[in-house]
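Chemist: What follows is my_file.cif, mmCIF, C-alpha atoms.
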```cif
data_query
loop_
_atom_site.label_atom_id
_atom_site.label_comp_id
_atom_site.auth_asym_id
_atom_site.auth_seq_id
_atom_site.Cartn_x
_atom_site.Cartn_y
_atom_site.Cartn_z
CA LEU Y 1446 0.00 0.00 0.00
CA ILE Y 1447 2.77 2.44 0.90
CA GLN Y 1448 4.62 1.57 -2.33
CA PHE Y 1449 1.41 1.99 -4.30
CA THR Y 1450 0.65 5.45 -2.95
CA SER Y 1451 4.25 6.56 -3.28
CA ALA Y 1452 4.29 6.02 -7.04
CA ASN Y 1453 4.51 9.01 -9.36
CA PHE Y 1454 1.07 9.42 -10.90
CA THR Y 1455 0.22 12.09 -13.44
CA SER Y 1456 -3.10 13.79 -14.05
CA SER Y 1457 -4.03 11.23 -16.70
CA ASP Y 1458 -3.12 8.11 -14.72
CA THR Y 1459 -5.69 5.76 -13.29
CA VAL Y 1460 -5.58 3.06 -10.68
CA ASP Y 1461 -7.28 0.13 -12.35
CA GLY Y 1462 -7.59 -3.43 -11.10
CA GLY Y 1463 -8.57 -4.86 -14.47
CA ALA Y 1464 -11.67 -5.36 -16.57
CA ASN Y 1465 -14.85 -4.13 -14.87
CA ALA Y 1466 -12.85 -3.13 -11.78
CA ASP Y 1467 -13.21 -0.01 -9.68
CA THR Y 1468 -11.18 2.91 -10.98
CA ILE Y 1469 -9.81 6.01 -9.33
CA GLU Y 1470 -8.63 8.81 -11.58
CA ILE Y 1471 -6.18 11.27 -10.04
CA THR Y 1472 -6.62 14.75 -11.52
CA THR Y 1473 -5.75 18.30 -10.64
CA THR Y 1474 -9.32 18.76 -9.36
CA ALA Y 1475 -9.27 15.50 -7.42
CA THR Y 1476 -11.99 14.05 -9.63
CA VAL Y 1477 -13.02 10.55 -8.68
CA VAL Y 1478 -14.68 8.35 -11.26
CA ASP Y 1479 -16.67 5.20 -10.52
CA ALA Y 1480 -19.43 5.49 -7.96
CA ASP Y 1481 -18.12 2.64 -5.83
CA PHE Y 1482 -15.03 4.66 -4.93
CA SER Y 1483 -16.68 8.07 -4.72
CA ASN Y 1484 -17.67 7.47 -1.09
CA VAL Y 1485 -15.06 7.82 1.60
CA THR Y 1486 -15.90 4.69 3.61
CA GLY Y 1487 -13.82 1.64 2.83
CA VAL Y 1488 -10.94 3.53 1.19
CA GLU Y 1489 -9.80 5.72 4.09
CA THR Y 1490 -6.38 4.06 4.25
CA LEU Y 1491 -5.77 4.58 0.54
CA LEU Y 1492 -6.84 8.23 0.67
CA LEU Y 1493 -4.76 9.02 3.75
CA SER Y 1494 -1.73 7.30 2.23
CA ALA Y 1495 -2.08 9.30 -0.97
CA GLY Y 1496 -2.58 12.47 1.03
CA GLY Y 1497 0.53 11.75 3.05
CA SER Y 1498 2.89 10.79 0.26
CA GLN Y 1499 5.24 13.52 -0.87
CA ASP Y 1500 5.91 11.66 -4.12
CA VAL Y 1501 2.39 11.48 -5.53
CA THR Y 1502 2.11 14.15 -8.20
CA LEU Y 1503 -0.90 15.75 -9.79
CA GLY Y 1504 -0.16 17.16 -13.21
CA ALA Y 1505 3.33 18.62 -13.11
CA SER Y 1506 4.55 18.61 -9.53
CA ALA Y 1507 1.75 19.48 -7.13
CA ASP Y 1508 1.04 17.40 -4.04
CA VAL Y 1509 -2.34 15.76 -3.64
CA PRO Y 1510 -4.42 18.78 -2.56
CA THR Y 1511 -5.19 18.91 1.14
CA GLU Y 1512 -8.85 19.36 0.22
CA THR Y 1513 -8.97 15.97 -1.53
CA TRP Y 1514 -10.01 14.27 1.71
CA GLU Y 1515 -13.02 16.57 1.96
CA TYR Y 1516 -14.05 16.15 -1.70
CA PHE Y 1517 -15.21 12.58 -1.21
CA VAL Y 1518 -18.93 11.94 -0.80
CA ARG Y 1519 -20.26 11.36 2.70
CA GLN Y 1520 -23.86 10.31 2.22
CA ILE Y 1521 -25.52 10.02 5.63
CA ARG Y 1522 -27.91 7.12 6.03
CA SER Y 1523 -29.83 5.85 9.03
CA TYR Y 1524 -31.35 2.58 10.21
CA LYS Y 1525 -33.45 2.31 13.35
CA GLY Y 1526 -31.96 5.54 14.73
CA ARG Y 1527 -28.29 4.80 14.00
CA ASN Y 1528 -26.53 7.17 11.60
CA PHE Y 1529 -23.61 6.22 9.38
CA ILE Y 1530 -21.97 7.09 6.07
CA THR Y 1531 -22.92 5.23 2.89
CA GLY Y 1532 -23.79 1.80 4.30
CA GLY Y 1533 -23.06 -0.98 1.85
CA PRO Y 1534 -21.33 -4.35 2.40
CA LEU Y 1535 -19.64 -4.85 5.76
CA PHE Y 1536 -16.14 -4.53 4.32
CA PHE Y 1537 -16.85 -0.82 3.85
CA SER Y 1538 -16.92 -0.60 7.64
CA LEU Y 1539 -14.05 -2.99 8.34
CA MET Y 1540 -11.17 -2.71 5.88
CA SER Y 1541 -9.59 0.59 6.86
CA HIS Y 1542 -9.97 -0.10 10.57
CA GLY Y 1543 -7.88 -3.21 10.07
CA PHE Y 1544 -4.98 -0.85 9.34
CA LEU Y 1545 -5.71 2.39 11.19
CA ASP Y 1546 -6.84 3.18 14.72
CA MET Y 1547 -9.58 5.80 14.42
CA LYS Y 1548 -11.07 5.38 17.89
CA GLY Y 1549 -11.71 8.66 19.68
CA LYS Y 1550 -10.66 10.78 16.68
CA ARG Y 1551 -12.41 13.18 14.34
CA ASP Y 1552 -11.34 14.56 10.98
CA SER Y 1553 -11.45 18.11 9.64
CA LEU Y 1554 -15.18 17.74 8.94
CA GLY Y 1555 -15.95 16.53 12.45
CA PHE Y 1556 -16.66 12.91 11.50
CA ASP Y 1557 -15.84 9.98 13.77
CA TYR Y 1558 -15.24 6.98 11.49
CA TRP Y 1559 -15.10 4.48 14.34
CA VAL Y 1560 -18.62 5.54 15.33
CA CYS Y 1561 -19.64 5.40 11.69
CA SER Y 1562 -18.48 1.81 11.30
CA ARG Y 1563 -19.89 0.64 14.63
CA ASN Y 1564 -23.30 2.11 13.80
CA CYS Y 1565 -23.26 0.45 10.39
CA VAL Y 1566 -22.25 -2.93 11.88
CA LEU Y 1567 -25.05 -2.73 14.43
CA SER Y 1568 -27.48 -1.79 11.66
CA HIS Y 1569 -26.43 -4.88 9.70
CA ARG Y 1570 -27.16 -7.02 12.72
CA GLN Y 1571 -30.49 -5.30 13.40
CA TYR Y 1572 -31.50 -5.80 9.77
CA CYS Y 1573 -30.91 -9.54 10.09
CA ILE Y 1574 -32.98 -9.57 13.27
CA ASP Y 1575 -35.77 -7.72 11.45
CA ASN Y 1576 -35.30 -9.98 8.39
CA PRO Y 1577 -37.78 -8.16 6.13
CA ASN Y 1578 -37.41 -10.76 3.36
CA GLY Y 1579 -37.99 -13.69 5.69
CA PHE Y 1580 -34.78 -15.52 4.81
CA LYS Y 1581 -33.94 -18.72 6.64
CA GLY Y 1582 -30.99 -18.48 9.03
CA TYR Y 1583 -31.05 -14.75 9.80
CA GLY Y 1584 -31.06 -13.69 13.44
CA ALA Y 1585 -29.44 -11.91 16.36
CA ASP Y 1586 -26.43 -14.26 16.27
CA THR Y 1587 -26.34 -15.06 12.55
CA TRP Y 1588 -25.79 -11.90 10.56
CA GLY Y 1589 -23.27 -10.22 8.27
CA LEU Y 1590 -23.87 -9.21 4.66
CA ASN Y 1591 -20.78 -8.53 2.59
CA ALA Y 1592 -19.30 -8.68 -0.90
CA CYS Y 1593 -18.84 -12.42 -1.29
CA ASP Y 1594 -19.62 -15.59 -3.17
CA THR Y 1595 -23.32 -16.43 -3.32
CA PRO Y 1596 -25.28 -19.27 -4.95
CA PHE Y 1597 -25.91 -16.81 -7.77
CA GLY Y 1598 -22.31 -15.67 -8.29
CA TYR Y 1599 -20.10 -13.11 -6.61
CA MET Y 1600 -22.21 -10.19 -5.39
CA ALA Y 1601 -22.07 -7.17 -3.12
CA CYS Y 1602 -24.58 -8.10 -0.43
CA SER Y 1603 -25.88 -5.35 1.79
CA PRO Y 1604 -29.06 -4.43 3.63
CA ILE Y 1605 -28.44 -0.69 3.38
CA GLY Y 1606 -27.09 1.38 0.52
CA GLU Y 1607 -25.44 -0.26 -2.46
CA GLY Y 1608 -25.91 -4.02 -2.72
CA VAL Y 1609 -28.46 -6.81 -2.66
CA ASP Y 1610 -29.93 -9.16 -0.07
CA ASN Y 1611 -30.39 -12.67 -1.41
CA GLY Y 1612 -30.12 -14.66 1.81
CA THR Y 1613 -26.32 -14.94 1.82
CA LEU Y 1614 -24.32 -14.37 5.01
CA MET Y 1615 -20.56 -14.11 5.56
CA PRO Y 1616 -19.52 -15.50 8.96
CA SER Y 1617 -16.01 -14.04 8.85
CA ALA Y 1618 -17.38 -10.50 8.31
CA ALA Y 1619 -19.54 -10.68 11.43
CA ALA Y 1620 -16.55 -12.03 13.38
CA ALA Y 1621 -14.22 -9.33 12.01
CA ALA Y 1622 -16.53 -6.67 13.44
CA TYR Y 1623 -15.32 -7.74 16.90
CA MET Y 1624 -13.35 -4.50 17.20
CA PHE Y 1625 -16.69 -2.61 17.21
CA THR Y 1626 -19.07 -5.17 18.70
CA PRO Y 1627 -17.10 -7.74 20.72
CA LYS Y 1628 -20.08 -9.35 22.45
CA GLU Y 1629 -22.23 -9.59 19.33
CA SER Y 1630 -19.39 -10.70 17.04
CA LEU Y 1631 -18.14 -13.43 19.37
CA ALA Y 1632 -21.70 -14.71 19.69
CA ALA Y 1633 -21.99 -14.72 15.88
CA ALA Y 1634 -18.76 -16.66 15.38
CA GLN Y 1635 -19.83 -19.26 17.93
CA ALA Y 1636 -23.33 -19.52 16.48
CA PHE Y 1637 -22.14 -19.97 12.89
CA LYS Y 1638 -19.69 -22.67 13.94
CA LYS Y 1639 -22.33 -24.48 15.98
CA GLN Y 1640 -25.29 -24.13 13.63
CA VAL Y 1641 -23.43 -24.64 10.35
CA PRO Y 1642 -20.46 -26.86 11.30
CA LYS Y 1643 -19.73 -27.76 7.68
CA ALA Y 1644 -18.97 -24.08 7.03
CA TYR Y 1645 -15.95 -24.23 9.34
CA GLY Y 1646 -12.91 -26.23 8.30
CA ARG Y 1647 -9.15 -26.40 8.11
CA TYR Y 1648 -8.77 -22.75 7.08
CA GLY Y 1649 -11.59 -21.35 9.17
CA PHE Y 1650 -14.95 -20.18 7.85
CA ALA Y 1651 -16.08 -20.77 4.29
CA ASN Y 1652 -16.47 -17.52 2.40
CA ALA Y 1653 -20.25 -17.49 2.73
CA ILE Y 1654 -23.39 -19.48 3.42
CA ASN Y 1655 -26.97 -19.24 2.22
CA PRO Y 1656 -29.30 -21.20 4.53
CA GLN Y 1657 -32.30 -20.36 2.34
CA GLN Y 1658 -30.66 -22.23 -0.54
CA ASN Y 1659 -29.06 -24.85 1.72
CA TRP Y 1660 -25.73 -23.70 0.27
CA ILE Y 1661 -22.22 -23.48 1.71
CA ASP Y 1662 -19.47 -21.91 -0.35
CA PRO Y 1663 -16.80 -24.53 -1.15
CA ASP Y 1664 -14.15 -21.80 -1.21
CA VAL Y 1665 -12.22 -19.93 1.45
CA ILE Y 1666 -11.08 -16.51 0.21
CA GLY Y 1667 -7.83 -15.13 1.58
CA ILE Y 1668 -8.66 -11.43 1.42
CA ASP Y 1669 -11.65 -11.97 3.70
CA LEU Y 1670 -9.78 -14.12 6.21
CA GLY Y 1671 -6.97 -11.58 6.05
CA MET Y 1672 -9.44 -8.86 6.98
CA LEU Y 1673 -10.60 -11.02 9.88
CA PHE Y 1674 -7.05 -11.55 11.16
CA LEU Y 1675 -6.16 -7.86 10.93
CA CYS Y 1676 -9.34 -6.75 12.67
CA LEU Y 1677 -9.00 -9.29 15.47
CA GLU Y 1678 -5.35 -8.39 16.06
CA ASN Y 1679 -6.17 -4.70 16.16
CA ALA Y 1680 -8.93 -5.43 18.66
CA ARG Y 1681 -6.53 -7.55 20.73
CA ASP Y 1682 -3.56 -5.20 21.00
CA GLY Y 1683 -3.55 -2.77 18.05
CA LEU Y 1684 -0.30 -4.07 16.55
CA PRO Y 1685 -1.21 -3.63 12.82
CA SER Y 1686 -2.29 -0.02 13.28
CA ARG Y 1687 0.68 0.80 15.51
CA LEU Y 1688 3.08 -0.49 12.88
CA LEU Y 1689 1.41 1.32 9.98
CA GLU Y 1690 0.99 4.58 11.85
CA ARG Y 1691 4.73 4.78 12.45
CA HIS Y 1692 5.17 5.50 8.76
CA SER Y 1693 5.62 9.16 7.85
CA VAL Y 1694 3.17 8.82 4.94
CA ILE Y 1695 0.33 7.84 7.26
CA GLN Y 1696 1.29 10.44 9.85
CA ARG Y 1697 1.31 13.18 7.25
CA GLY Y 1698 -1.93 11.97 5.68
CA MET Y 1699 -3.74 11.88 9.02
CA LYS Y 1700 -2.48 15.35 9.85
CA ARG Y 1701 -3.52 16.81 6.49
CA ALA Y 1702 -6.98 15.27 6.86
CA GLY Y 1703 -7.28 17.04 10.20
CA PHE Y 1704 -7.52 13.96 12.41
CA HIS Y 1705 -7.34 14.83 16.07
CA ARG Y 1706 -8.27 13.12 19.32
CA THR Y 1707 -11.27 14.38 21.26
CA GLU Y 1708 -12.58 13.54 24.73
CA GLU Y 1709 -16.33 12.97 24.59
CA GLY Y 1710 -16.97 10.22 27.12
CA PRO Y 1711 -17.63 6.56 26.20
CA LEU Y 1712 -16.86 5.70 22.58
CA GLU Y 1713 -20.28 4.09 22.16
CA LYS Y 1714 -22.01 7.37 23.08
CA ARG Y 1715 -20.18 9.59 20.61
CA LYS Y 1716 -22.05 11.23 17.72
CA LEU Y 1717 -21.23 10.52 14.09
CA GLN Y 1718 -20.42 14.19 13.44
CA VAL Y 1719 -20.06 17.30 15.54
#
```
Translate this structure into structure tokens?
Modeler:
Amino acid sequence: LIQFTSANFTSSDTVDGGANADTIEITTTATVVDADFSNVTGVETLLLSAGGSQDVTLGASADVPTETWEYFVRQIRSYKGRNFITGGPLFFSLMSHGFLDMKGKRDSLGFDYWVCSRNCVLSHRQYCIDNPNGFKGYGADTWGLNACDTPFGYMACSPIGEGVDNGTLMPSAAAAAYMFTPKESLAAAQAFKKQVPKAYGRYGFANAINPQQNWIDPDVIGIDLGMLFLCLENARDGLPSRLLERHSVIQRGMKRAGFHRTEEGPLEKRKLQV
């Protein structure tokens, strides 16, 4: 990641993962193309790394503008009284927190991204409790919609925002949310292992299950287990974030985005934005 964001991009360069992949175009006006990457959630680490690198160029020689962080869309959504940005699959709420410690901090716009992710995780769980589509297997201890394999192909599953709900759950995503919801996530991991024992094997949880279709994914996907390991280790002792935040690129990026620590009482009581 550090090597990627330290490359010398020009105003016409794009970051492209291949055919039909998400694309970010770096321009002198910080234009972002592709709706999936126009929202800030899920790509915080990438944006802060780019903002902190002194080698990333826009056009001739300019740094990534300080304002780039604020250009990204922050669409506020709500579910059952909990406010968050964007919504979408659970990885939107998990990925960046596997690398960065955002607890007790706000950015230049007053947003708390730890609160944002926790609220979104709890909304995912509440949605599975409510289960408006009546899918088999959803409940207080069996929840977690994410971008994953499904019986119908790889899909972005989500109850809120971008994505679909077709009855598919990802056990490792619910477990990875332990850093926000330790009690609920531990209960989910235990419930999935007990209720769907064939979904847990040599390498941990299968990528996904769909009880409605009596389907268990035969594959285990490394990027999702990697997210689980990072999130659990950060919840345990914060080692991944401590290591990454030693790097000058991250320090500079966080500073330019205006991140600062605030004292507002219990983390769970903090507002999304002040």
Chemist: Report the residues retrieved by the PyMOL selection byres ((chain Y and resi 1544) around 9) from the displayed file, expressed as a compact mmCIF listing (two decimals) with C-alpha atoms, in the frame of the given file.
Modeler:
```txt
# COMPACT_ATOMS: atom_id res chain seq x y z
CA THR Y 1490 -6.38 4.06 4.25
CA MET Y 1540 -11.17 -2.71 5.88
CA SER Y 1541 -9.59 0.59 6.86
CA HIS Y 1542 -9.97 -0.10 10.57
CA GLY Y 1543 -7.88 -3.21 10.07
CA LEU Y 1545 -5.71 2.39 11.19
CA ASP Y 1546 -6.84 3.18 14.72
CA LEU Y 1675 -6.16 -7.86 10.93
CA CYS Y 1676 -9.34 -6.75 12.67
CA ASN Y 1679 -6.17 -4.70 16.16
CA PRO Y 1685 -1.21 -3.63 12.82
CA SER Y 1686 -2.29 -0.02 13.28
CA ARG Y 1687 0.68 0.80 15.51
CA LEU Y 1688 3.08 -0.49 12.88
CA LEU Y 1689 1.41 1.32 9.98
CA GLU Y 1690 0.99 4.58 11.85
```
Chemist: Pick out the residues sitting within 10 Å of region 1577-1587 of chain Y, and hand them over as JSON, numbers by chain; count all atoms listed in the file, and ignore anything fewer than 2 positions along from it in its own chain.
Modeler: {"Y": [1570, 1571, 1572, 1573, 1574, 1575, 1589, 1604, 1610, 1611, 1612, 1613, 1614, 1615, 1616, 1619, 1629, 1630, 1631, 1632, 1633, 1634, 1635, 1636, 1637, 1640, 1641, 1654, 1655, 1656, 1657, 1658, 1659]}
Chemist: Which one of Y:His1705, Y:Arg1681, Y:Lys1716, Y:Arg1691 sits closest to Arg1551 (chain Y) if you count all atoms listed in the file?
Modeler: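 Closest to Arg1551 (chain Y), using all atoms listed in the file: Y:His1705.
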Chemist: Using only C-alpha atoms, find the one residue out of Y:Gly1608, Y:Gly1532, Y:Gly1649, Y:Gly1698 that sits nearest to Phe1674 (chain Y).
Modeler: Y:Gly1649
Chemist: Which residues are near Phe1529 (chain Y)? Cut-off 7 Å, all atoms listed in the file, ignore same chain within fewer than 5 positions. Put them as a ChimeraX atom specification.
Modeler: /Y:1521-1523,1561,1564-1565,1717
Chemist: I need the residue nearest Val1665 (chain Y) from this list: Y:Pro1596, Y:Pro1711, Y:Gly1646, Y:Gly1703. Use all atoms listed in the file for the distance.
Modeler: Y:Gly1646
Chemist: Just to confirm, what's the straight-line distance from CA of Phe1650 (chain Y) to CA of Trp1588 (chain Y) in Å (one decimal)?
Modeler: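 One can read the CA of Phe1650 (chain Y) to CA of Trp1588 (chain Y) distance as 13.9 Å.
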Chemist: Expanded to explicit residues, what is the PyMOL selection byres ((chain Y and resi 1606) around 6) for this file, as number ranges by chain?
Modeler: Y: 1532-1533, 1605, 1607
Chemist: Can you measure CA of Ser1562 (chain Y) to CA of Glu1512 (chain Y) for me? One decimal in Å is fine.
Modeler: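 Computing the Euclidean distance for CA of Ser1562 (chain Y) and CA of Glu1512 (chain Y) yields 22.9 Å.
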Chemist: Between Y:Tyr1648, Y:Trp1660, Y:Tyr1558, Y:Phe1625, which one has atoms that come closest to Arg1519 (chain Y), using all atoms listed in the file?
Modeler: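 With all atoms listed in the file as the atom set, the closest residue is Y:Tyr1558.
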Chemist: Find the distance between CA of Phe1537 (chain Y) and CA of Lys1643 (chain Y) and write it in Å to one decimal.
Modeler: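 Separation of CA of Phe1537 (chain Y) and CA of Lys1643 (chain Y): 27.4 Å.
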Chemist: Between Y:Thr1626, Y:Thr1531, Y:Ser1617, Y:Ser1693, which is the closest to Arg1563 (chain Y) once you count all atoms listed in the file?
Modeler: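 Checking each of Y:Thr1626, Y:Thr1531, Y:Ser1617, Y:Ser1693 against Arg1563 (chain Y), counting all atoms listed in the file, the winner is Y:Thr1626.
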Chemist: Could you check which of Y:Phe1517, Y:Tyr1623, Y:Tyr1645, Y:Phe1704 is closest to Asp1557 (chain Y), using only C-alpha atoms?
Modeler: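 Closest residue, counting only C-alpha atoms: Y:Phe1704.
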